[in-house]
Amino acid sequence: MTDSLTVRDNRTGAEYEIPITDGTIKAADLGQIKLNDDTPGLATYDPGFVNTASCRSSVTYIDGEAGILEYRGYPIEQLAEKSNFLEVAYLLVHGDLPSKEQYDNWVHHITYHTFVHENVKAFMQGFRYDAHPMGMLMASVGALSTFYPEAANISDPDNRQIQIIRMIAKMPTLGAWAFRHAQGKPYVYPDNDLSYAENFMSMLFKMSEVKYDPDPRIAKALDTLFILHADHEQNCSTNAVRSVGSSQVDPYSAVSAGIGALFGPLHGGANEAVLKMLRRIGSKSEIPAFIEGVKAGNERLMGFGHRVYKNYDPRAKIIKKACDDVFEVTGVNPLLEVAQELEKIALEDEYFVKRKLYPNVDFYSGLIYEALEFPPEMFTVLFAIGRTPGWLAQWLELVQDKEQKIARPKQIYTGERKLDFVPAAERWA
């Protein structure tokens with residue numbers, strides 16, 4: 001049996017044989033289907049890329065029906081339990097787990113590059129006192145391209161590597177400084193004696209003490225959250241990085257586009273929406289009424305369901321466990337009981353089971369962030385820090401992919417045609 005699709009154009013009666021590769025057909029192959037030589041060929045219309053593959057990738061595998069997430073073939077459950085963020089970052093960027101020498105070298109270089117130029121500090125201090133941390137992060141990452149103009153030479157593998165190291169190293173510094181800026185506190189410089197997550201905590205929370213001593217349970221939970229957010233296939237922000245990167249711009253500009261996409265409430269802001277929902281419910285006794293409101297279309301169940309997952313989001317199970325470790329330090333968030341009861345009822349209710357609405361990564365992550373006393377506007381900054389290696393791995397794959405072209409989707413024009421222009425003097429007479 002030939003792996004192909006036979007298409008019959010009922011307008012003309014003509015038949016076309018279109019090859020099937022990896023469960024897809026090339027959209028360009030549909031271009032041969034046309035009424036005549038003077039008319040354009042057939043194209044696909046797919047808002048939001050619901051059923052369109054934009055690239056070939058070996059970075060992340062997702063099986064939404066089975067609830068599977070793998071980075072470079074490794075299950076997310078194993079990575080979250082047995083690895084750490086910088087090792088996972090190496091895996092995503094390089095494609096393989098590091099040797100001891102490779103890992104030590106990788107960690108050394110990232111640690112060495114955590115500091116930013118003093119002019120970047122002055123740049124960030126120029127924002128208004130109430131500037132949103134995500135806006136500050138997006139602008140400061142984009143600004144790094146002016147400090148490293150050689151980053152534009154994306155054809156040089158060594159140059160690409162140093163920019164990747166710099167960005168992974170500097171993201172916690174920029175994110176922490178955006179946090180301190182909003183609080184009116186002085187910026188804290190990196191402490192390179194600490195691990196990646198511990199150093200981030202130091203820059204966030206250090207006050208007058210000579211040396212910040214992070215709680216290892218909190219550091220581990222943050223490290224795990226970074227791992228869980230490190231990549232997630234062709235989501236909105238990754239698509240933005242790839243789309244902008246397809247113009248062959250430097251990686252700082254491409255990643256700042258990803259941060260901009262993540263800023264949107266439909267992408268990075270979902271965990272904040274979960275917290276608002278749990279606060280509105282208020283107590284376990286109000287959950288049945290809320291559930292009925294959801295069924296009636298009067299309420300929205302946030303943190304359940306996913307564009308890709310039609311099963312329990314594997315990241316949600318891991319975050320649920322991380323909650324226990326964090327609350328052991330901070331005390332239990334009173335909203336946790338509401339969240340757990342809501343999850344229990346929803347998973348047993350035929351209405352939600354039938355629609356395959358299971359908790360996703362955002363359902364519990366907001367509770368952890370709030371327990372660590374992050375304001376909601378910082379939630380997406382934490383997401384962005386974790387996602388940076390994934391964005392860079394996808395960007396690296398893009399610039400080395402010979403099949404890729406500059407992103408330029410087709411459109412279906414719906415406006416007027418062939419209007420006669422009337423000069424202003426006549427229109428306004």
# chains A, B, ... in the order shown; residues from 1 in each chain; ligands from 1

call {"tool": "residues_around", "arguments": {"residues": "Asp156 (chain A)", "least_positions_apart": "4", "cutoff": "12 Å", "atoms": "only C-alpha atoms", "output": "PyMOL selection string"}}
result
chain A and resi 150-152+160-163+250+396+399-400

call {"tool": "write_last_selection", "arguments": {"atoms": "N, CA, C and O atoms", "output": "PDB file, in the first residue's frame"}}
result
ATOM      1  N   GLU A 150      27.646  40.752  18.380  1.00  0.00           N
ATOM      2  CA  GLU A 150      28.153  39.583  17.654  1.00  0.00           C
ATOM      3  C   GLU A 150      27.132  38.444  17.644  1.00  0.00           C
ATOM      4  O   GLU A 150      27.261  37.478  16.879  1.00  0.00           O
ATOM      5  N   ALA A 151      26.093  38.542  18.481  1.00  0.00           N
ATOM      6  CA  ALA A 151      25.054  37.504  18.512  1.00  0.00           C
ATOM      7  C   ALA A 151      24.328  37.389  17.177  1.00  0.00           C
ATOM      8  O   ALA A 151      23.713  36.360  16.893  1.00  0.00           O
ATOM      9  N   ALA A 152      24.413  38.437  16.362  1.00  0.00           N
ATOM     10  CA  ALA A 152      23.752  38.414  15.054  1.00  0.00           C
ATOM     11  C   ALA A 152      24.383  37.395  14.111  1.00  0.00           C
ATOM     12  O   ALA A 152      23.749  36.979  13.127  1.00  0.00           O
ATOM     13  N   ARG A 160      26.867  30.903  18.668  1.00  0.00           N
ATOM     14  CA  ARG A 160      25.528  30.514  19.137  1.00  0.00           C
ATOM     15  C   ARG A 160      25.601  29.964  20.558  1.00  0.00           C
ATOM     16  O   ARG A 160      24.770  30.284  21.408  1.00  0.00           O
ATOM     17  N   GLN A 161      26.611  29.154  20.819  1.00  0.00           N
ATOM     18  CA  GLN A 161      26.740  28.507  22.125  1.00  0.00           C
ATOM     19  C   GLN A 161      26.949  29.527  23.241  1.00  0.00           C
ATOM     20  O   GLN A 161      26.316  29.425  24.308  1.00  0.00           O
ATOM     21  N   ILE A 162      27.780  30.511  23.035  1.00  0.00           N
ATOM     22  CA  ILE A 162      28.043  31.489  24.097  1.00  0.00           C
ATOM     23  C   ILE A 162      26.809  32.348  24.359  1.00  0.00           C
ATOM     24  O   ILE A 162      26.533  32.719  25.504  1.00  0.00           O
ATOM     25  N   GLN A 163      26.026  32.642  23.311  1.00  0.00           N
ATOM     26  CA  GLN A 163      24.803  33.428  23.528  1.00  0.00           C
ATOM     27  C   GLN A 163      23.776  32.614  24.322  1.00  0.00           C
ATOM     28  O   GLN A 163      23.071  33.158  25.180  1.00  0.00           O
ATOM     29  N   ASP A 250      19.071  37.827  15.818  1.00  0.00           N
ATOM     30  CA  ASP A 250      19.837  37.283  16.940  1.00  0.00           C
ATOM     31  C   ASP A 250      18.901  36.609  17.953  1.00  0.00           C
ATOM     32  O   ASP A 250      17.700  36.904  18.002  1.00  0.00           O
ATOM     33  N   LEU A 396      17.765  26.990  18.175  1.00  0.00           N
ATOM     34  CA  LEU A 396      18.963  26.348  17.638  1.00  0.00           C
ATOM     35  C   LEU A 396      18.589  25.333  16.556  1.00  0.00           C
ATOM     36  O   LEU A 396      19.240  25.245  15.508  1.00  0.00           O
ATOM     37  N   VAL A 399      17.555  27.292  13.274  1.00  0.00           N
ATOM     38  CA  VAL A 399      18.592  27.919  12.446  1.00  0.00           C
ATOM     39  C   VAL A 399      19.467  26.882  11.750  1.00  0.00           C
ATOM     40  O   VAL A 399      20.202  27.220  10.814  1.00  0.00           O
ATOM     41  N   GLN A 400      19.395  25.622  12.192  1.00  0.00           N
ATOM     42  CA  GLN A 400      20.175  24.570  11.538  1.00  0.00           C
ATOM     43  C   GLN A 400      19.327  23.692  10.619  1.00  0.00           C
ATOM     44  O   GLN A 400      19.853  22.762  10.002  1.00  0.00           O
TER      45      GLN A 400
END

call {"tool": "residues_around", "arguments": {"residues": "region 60-69 of chain A", "least_positions_apart": "4", "cutoff": "7 Å", "atoms": "only C-alpha atoms", "output": "list in words"}}
result
Pro75, Ile76, Asp231, His232, Glu233, Val308, Tyr309, Lys310, Asn311, Tyr312, Asp313 and Pro314 of chain A

call {"tool": "closest_atom_pairs", "arguments": {"of": "region 206-286 of chain A", "to": "region 325-341 of chain A", "cutoff": "12 Å", "atoms": "only C-alpha atoms", "output": "Markdown table"}}
result
| residue | atom | partner | partner_atom | distance |
| --- | --- | --- | --- | --- |
| A:Pro214 | CA | A:Val329 | CA | 11.4 |
| A:Asp215 | CA | A:Val329 | CA | 8.2 |
| A:Pro216 | CA | A:Asp325 | CA | 10.0 |
| A:Arg217 | CA | A:Asp325 | CA | 6.2 |
| A:Ile218 | CA | A:Val326 | CA | 5.8 |
| A:Ala219 | CA | A:Val326 | CA | 9.3 |
| A:Lys220 | CA | A:Asp325 | CA | 8.8 |
| A:Ala221 | CA | A:Val326 | CA | 6.8 |
| A:Leu222 | CA | A:Val326 | CA | 9.3 |
| A:Thr224 | CA | A:Asp325 | CA | 11.2 |
| A:Leu225 | CA | A:Val326 | CA | 11.6 |
| A:Val274 | CA | A:Ala339 | CA | 9.2 |
| A:Leu275 | CA | A:Leu335 | CA | 8.2 |
| A:Lys276 | CA | A:Leu335 | CA | 10.4 |
| A:Met277 | CA | A:Ala339 | CA | 9.7 |
| A:Leu278 | CA | A:Leu335 | CA | 6.5 |
| A:Arg279 | CA | A:Leu335 | CA | 7.2 |
| A:Arg280 | CA | A:Leu335 | CA | 10.4 |
| A:Ile281 | CA | A:Val338 | CA | 7.9 |
| A:Gly282 | CA | A:Val338 | CA | 7.4 |
| A:Ser283 | CA | A:Val338 | CA | 5.9 |
| A:Lys284 | CA | A:Val338 | CA | 5.2 |
| A:Ser285 | CA | A:Val338 | CA | 8.9 |
| A:Glu286 | CA | A:Val338 | CA | 9.1 |

call {"tool": "select_by_dssp", "arguments": {"residues": "region 243-362 of chain A", "states": "alpha helix (DSSP H)", "output": "ChimeraX atom specification"}}
result
/A:243-245,251-263,270-281,287-295,314-330,335-348,350-354,362

call {"tool": "closest_residue", "arguments": {"among": "A:His94, A:Lys410, A:Tyr351, A:Glu403", "to": "Gly41 (chain A)", "atoms": "only C-alpha atoms"}}
result
A:Lys410

call {"tool": "residues_around", "arguments": {"residues": "Thr388 (chain A)", "least_positions_apart": "6", "cutoff": "10 Å", "atoms": "only C-alpha atoms", "output": "list of chain:residue names"}}
result
A:Ala89, A:Ile164, A:Met167, A:Ile168, A:Ala169, A:Met171, A:Phe226, A:His229, A:Ala230, A:Asp231, A:Thr238, A:Val255, A:Gly258, A:Ile259, A:Gln394

call {"tool": "write_last_selection", "arguments": {"atoms": "all heavy atoms", "output": "short mmCIF file (atom, residue, chain, number, x, y, z; two decimals), in the first residue's frame"}}
result
data_model
loop_
_atom_site.label_atom_id
_atom_site.label_comp_id
_atom_site.auth_asym_id
_atom_site.auth_seq_id
_atom_site.Cartn_x
_atom_site.Cartn_y
_atom_site.Cartn_z
N ALA A 89 18.59 21.56 31.09
CA ALA A 89 18.87 22.60 30.10
C ALA A 89 19.94 22.12 29.11
O ALA A 89 19.82 22.34 27.89
CB ALA A 89 19.34 23.88 30.80
N ILE A 164 23.70 31.32 24.03
CA ILE A 164 22.79 30.44 24.77
C ILE A 164 23.18 30.40 26.25
O ILE A 164 22.33 30.52 27.14
CB ILE A 164 22.81 29.02 24.15
CG1 ILE A 164 22.06 29.03 22.81
CG2 ILE A 164 22.19 27.99 25.10
CD1 ILE A 164 22.21 27.76 22.00
N MET A 167 22.27 33.71 27.94
CA MET A 167 20.86 33.96 28.21
C MET A 167 20.33 33.11 29.35
O MET A 167 19.58 33.61 30.21
CB MET A 167 20.04 33.71 26.94
CG MET A 167 18.85 34.66 26.88
SD MET A 167 17.83 34.55 25.40
CE MET A 167 19.04 34.57 24.11
N ILE A 168 20.69 31.83 29.40
CA ILE A 168 20.27 30.98 30.51
C ILE A 168 20.82 31.53 31.83
O ILE A 168 20.14 31.53 32.86
CB ILE A 168 20.73 29.53 30.28
CG1 ILE A 168 20.01 28.92 29.07
CG2 ILE A 168 20.47 28.67 31.53
CD1 ILE A 168 20.53 27.56 28.66
N ALA A 169 22.05 32.03 31.81
CA ALA A 169 22.69 32.56 33.02
C ALA A 169 22.06 33.85 33.50
O ALA A 169 21.90 34.06 34.71
CB ALA A 169 24.18 32.78 32.74
N MET A 171 18.98 35.25 32.77
CA MET A 171 17.53 35.35 32.95
C MET A 171 17.13 35.47 34.43
O MET A 171 16.29 36.31 34.78
CB MET A 171 16.84 34.17 32.28
CG MET A 171 16.75 34.27 30.78
SD MET A 171 15.66 35.60 30.19
CE MET A 171 14.08 34.81 30.36
N PHE A 226 11.10 24.86 37.34
CA PHE A 226 11.85 25.25 36.13
C PHE A 226 11.92 24.08 35.14
O PHE A 226 11.76 24.26 33.93
CB PHE A 226 13.27 25.70 36.51
CG PHE A 226 13.35 27.03 37.19
CD1 PHE A 226 14.44 27.35 38.00
CD2 PHE A 226 12.36 27.98 37.03
CE1 PHE A 226 14.53 28.59 38.62
CE2 PHE A 226 12.44 29.23 37.65
CZ PHE A 226 13.53 29.53 38.45
N HIS A 229 8.65 23.51 33.30
CA HIS A 229 8.33 24.55 32.33
C HIS A 229 9.35 24.66 31.20
O HIS A 229 9.20 25.51 30.31
CB HIS A 229 8.23 25.91 33.04
CG HIS A 229 6.97 26.09 33.83
ND1 HIS A 229 6.97 26.44 35.17
CD2 HIS A 229 5.67 25.93 33.50
CE1 HIS A 229 5.72 26.52 35.59
NE2 HIS A 229 4.91 26.21 34.60
N ALA A 230 10.38 23.82 31.22
CA ALA A 230 11.53 24.03 30.33
C ALA A 230 11.19 23.98 28.85
O ALA A 230 11.81 24.68 28.04
CB ALA A 230 12.63 23.02 30.65
N ASP A 231 10.26 23.15 28.45
CA ASP A 231 9.82 23.15 27.05
C ASP A 231 8.46 22.48 26.97
O ASP A 231 8.09 21.69 27.84
CB ASP A 231 10.82 22.42 26.14
CG ASP A 231 10.56 22.74 24.66
OD1 ASP A 231 10.61 23.93 24.30
OD2 ASP A 231 10.31 21.80 23.88
N THR A 238 6.79 29.45 21.93
CA THR A 238 7.83 28.77 21.14
C THR A 238 7.63 29.06 19.66
O THR A 238 8.60 29.28 18.92
CB THR A 238 7.79 27.25 21.41
OG1 THR A 238 8.06 27.03 22.79
CG2 THR A 238 8.82 26.52 20.56
N VAL A 255 13.99 35.48 21.53
CA VAL A 255 13.48 35.08 22.84
C VAL A 255 12.61 36.18 23.45
O VAL A 255 11.62 35.89 24.12
CB VAL A 255 14.64 34.68 23.78
CG1 VAL A 255 14.16 34.55 25.23
CG2 VAL A 255 15.23 33.36 23.32
N GLY A 258 9.28 35.59 22.36
CA GLY A 258 8.65 34.52 23.13
C GLY A 258 8.14 35.02 24.47
O GLY A 258 7.05 34.63 24.92
N ILE A 259 8.90 35.89 25.12
CA ILE A 259 8.46 36.47 26.39
C ILE A 259 7.19 37.28 26.18
O ILE A 259 6.25 37.23 26.99
CB ILE A 259 9.57 37.34 27.01
CG1 ILE A 259 10.78 36.47 27.36
CG2 ILE A 259 9.07 38.07 28.26
CD1 ILE A 259 12.02 37.26 27.77
N GLN A 394 14.82 25.17 20.69
CA GLN A 394 13.97 25.26 19.49
C GLN A 394 14.57 26.23 18.47
O GLN A 394 14.56 25.97 17.26
CB GLN A 394 12.56 25.71 19.90
CG GLN A 394 11.83 24.77 20.83
CD GLN A 394 11.13 23.63 20.12
OE1 GLN A 394 11.04 23.60 18.89
NE2 GLN A 394 10.61 22.68 20.89
#

call {"tool": "residues_around", "arguments": {"residues": "Leu35 (chain A)", "least_positions_apart": "2", "cutoff": "9 Å", "atoms": "only C-alpha atoms", "output": "compact mmCIF listing (two decimals) with all heavy atoms, in the first residue's frame"}}
result
# COMPACT_ATOMS: atom_id res chain seq x y z
N ASP A 9 -10.74 16.40 -7.02
CA ASP A 9 -11.31 17.75 -7.04
C ASP A 9 -12.65 17.69 -7.75
O ASP A 9 -12.70 17.53 -8.98
CB ASP A 9 -10.35 18.71 -7.76
CG ASP A 9 -10.79 20.16 -7.65
OD1 ASP A 9 -11.95 20.40 -7.26
OD2 ASP A 9 -9.99 21.06 -7.97
N ARG A 11 -14.62 19.92 -8.46
CA ARG A 11 -14.87 21.05 -9.37
C ARG A 11 -14.43 20.72 -10.78
O ARG A 11 -15.02 21.18 -11.76
CB ARG A 11 -14.11 22.29 -8.88
CG ARG A 11 -14.49 22.75 -7.48
CD ARG A 11 -13.54 23.83 -6.99
NE ARG A 11 -12.15 23.38 -6.99
CZ ARG A 11 -11.11 24.16 -6.71
NH1 ARG A 11 -11.31 25.43 -6.41
NH2 ARG A 11 -9.88 23.68 -6.72
N THR A 12 -13.36 19.91 -10.89
CA THR A 12 -12.80 19.63 -12.21
C THR A 12 -12.80 18.15 -12.57
O THR A 12 -12.63 17.78 -13.73
CB THR A 12 -11.34 20.11 -12.28
OG1 THR A 12 -10.57 19.38 -11.30
CG2 THR A 12 -11.24 21.60 -11.98
N ILE A 33 -3.45 21.69 -6.89
CA ILE A 33 -4.89 21.52 -7.10
C ILE A 33 -5.49 22.90 -7.41
O ILE A 33 -5.60 23.76 -6.53
CB ILE A 33 -5.57 20.90 -5.87
CG1 ILE A 33 -4.90 19.57 -5.51
CG2 ILE A 33 -7.06 20.72 -6.10
CD1 ILE A 33 -5.41 18.95 -4.22
N ASP A 37 -4.80 27.04 -14.95
CA ASP A 37 -3.45 27.60 -14.75
C ASP A 37 -3.46 29.06 -14.33
O ASP A 37 -2.45 29.57 -13.84
CB ASP A 37 -2.64 27.45 -16.05
CG ASP A 37 -2.30 26.00 -16.32
OD1 ASP A 37 -2.36 25.20 -15.37
OD2 ASP A 37 -2.01 25.66 -17.49
N ASP A 38 -4.58 29.74 -14.50
CA ASP A 38 -4.65 31.17 -14.18
C ASP A 38 -5.17 31.44 -12.77
O ASP A 38 -5.25 32.59 -12.34
CB ASP A 38 -5.56 31.88 -15.19
CG ASP A 38 -5.01 31.82 -16.60
OD1 ASP A 38 -3.77 31.83 -16.75
OD2 ASP A 38 -5.82 31.74 -17.55
N THR A 39 -5.53 30.41 -12.05
CA THR A 39 -6.05 30.58 -10.69
C THR A 39 -5.06 30.03 -9.67
O THR A 39 -4.30 29.10 -9.98
CB THR A 39 -7.40 29.86 -10.51
OG1 THR A 39 -7.22 28.47 -10.79
CG2 THR A 39 -8.45 30.44 -11.44
N PRO A 40 -5.04 30.57 -8.45
CA PRO A 40 -4.11 30.07 -7.43
C PRO A 40 -4.49 28.66 -7.01
O PRO A 40 -5.66 28.25 -7.08
CB PRO A 40 -4.28 31.06 -6.29
CG PRO A 40 -5.62 31.69 -6.49
CD PRO A 40 -5.84 31.71 -7.97
N GLY A 41 -3.49 27.89 -6.55
CA GLY A 41 -3.74 26.54 -6.07
C GLY A 41 -4.41 26.52 -4.72
O GLY A 41 -4.53 27.55 -4.04

call {"tool": "residues_around", "arguments": {"residues": "Gly175 (chain A)", "least_positions_apart": "4", "cutoff": "7 Å", "atoms": "only C-alpha atoms", "output": "mmCIF file with C-alpha atoms, in the first residue's frame"}}
result
data_model
loop_
_atom_site.group_PDB
_atom_site.id
_atom_site.type_symbol
_atom_site.label_atom_id
_atom_site.label_comp_id
_atom_site.auth_asym_id
_atom_site.auth_seq_id
_atom_site.Cartn_x
_atom_site.Cartn_y
_atom_site.Cartn_z
ATOM 1 C CA LEU A 137 12.057 41.240 31.355
ATOM 2 C CA MET A 171 17.530 35.355 32.954
ATOM 3 C CA PHE A 179 10.922 41.764 41.153
ATOM 4 C CA VAL A 381 8.514 35.686 34.941
#

call {"tool": "residues_around", "arguments": {"residues": "Met203 (chain A)", "least_positions_apart": "3", "cutoff": "9 Å", "atoms": "only C-alpha atoms", "output": "list in words"}}
result
Pro172, Thr173, Ala176, Trp177, Arg180, Tyr187, Val188, Tyr189, Pro190, Asp191, Glu198, Asn199, Phe200, Lys206 and Tyr212 of chain A

call {"tool": "closest_residue", "arguments": {"among": "A:Ser145, A:Thr44, A:Asn360, A:Ser54", "to": "Leu228 (chain A)", "atoms": "only C-alpha atoms"}}
result
A:Asn360

call {"tool": "residues_around", "arguments": {"residues": "Asp104 (chain A)", "least_positions_apart": "6", "cutoff": "12 Å", "atoms": "only C-alpha atoms", "output": "list in words"}}
result
Leu86, Glu87, Tyr90, Pro98, Ile110 and Thr111 of chain A

call {"tool": "select_by_dssp", "arguments": {"residues": "region 54-236 of chain A", "states": "strand (DSSP E or B)", "output": "VMD selection string"}}
result
chain A and resid 60 to 63 68 to 71 74 to 75

call {"tool": "write_last_selection", "arguments": {"atoms": "N, CA and C atoms", "output": "PDB file, in the first residue's frame"}}
result
ATOM      1  N   THR A  60      11.032  17.906  22.058  1.00  0.00           N
ATOM      2  CA  THR A  60      10.013  17.492  23.026  1.00  0.00           C
ATOM      3  C   THR A  60       8.944  16.640  22.351  1.00  0.00           C
ATOM      4  N   TYR A  61       8.567  15.559  23.034  1.00  0.00           N
ATOM      5  CA  TYR A  61       7.501  14.688  22.541  1.00  0.00           C
ATOM      6  C   TYR A  61       6.327  14.758  23.509  1.00  0.00           C
ATOM      7  N   ILE A  62       5.128  14.943  22.973  1.00  0.00           N
ATOM      8  CA  ILE A  62       3.909  14.955  23.776  1.00  0.00           C
ATOM      9  C   ILE A  62       2.890  14.005  23.157  1.00  0.00           C
ATOM     10  N   ASP A  63       2.305  13.151  23.988  1.00  0.00           N
ATOM     11  CA  ASP A  63       1.142  12.350  23.607  1.00  0.00           C
ATOM     12  C   ASP A  63       0.020  12.800  24.515  1.00  0.00           C
ATOM     13  N   ILE A  68       1.587  11.933  28.160  1.00  0.00           N
ATOM     14  CA  ILE A  68       3.037  11.709  28.146  1.00  0.00           C
ATOM     15  C   ILE A  68       3.760  12.981  27.723  1.00  0.00           C
ATOM     16  N   LEU A  69       4.814  13.346  28.451  1.00  0.00           N
ATOM     17  CA  LEU A  69       5.696  14.452  28.109  1.00  0.00           C
ATOM     18  C   LEU A  69       7.134  13.975  28.254  1.00  0.00           C
ATOM     19  N   GLU A  70       7.921  14.100  27.190  1.00  0.00           N
ATOM     20  CA  GLU A  70       9.318  13.680  27.212  1.00  0.00           C
ATOM     21  C   GLU A  70      10.197  14.774  26.635  1.00  0.00           C
ATOM     22  N   TYR A  71      11.338  15.017  27.277  1.00  0.00           N
ATOM     23  CA  TYR A  71      12.369  15.891  26.721  1.00  0.00           C
ATOM     24  C   TYR A  71      13.461  15.000  26.117  1.00  0.00           C
ATOM     25  N   TYR A  74      13.339  11.476  27.236  1.00  0.00           N
ATOM     26  CA  TYR A  74      13.339  11.143  28.659  1.00  0.00           C
ATOM     27  C   TYR A  74      12.025  11.600  29.313  1.00  0.00           C
ATOM     28  N   PRO A  75      11.322  10.704  30.039  1.00  0.00           N
ATOM     29  CA  PRO A  75      10.051  11.075  30.675  1.00  0.00           C
ATOM     30  C   PRO A  75      10.233  12.219  31.672  1.00  0.00           C
TER      31      PRO A  75
END

call {"tool": "atom_distance", "arguments": {"atom1": "CA of Asp213 (chain A)", "atom2": "CA of Asn192 (chain A)"}}
result
13.1 Å
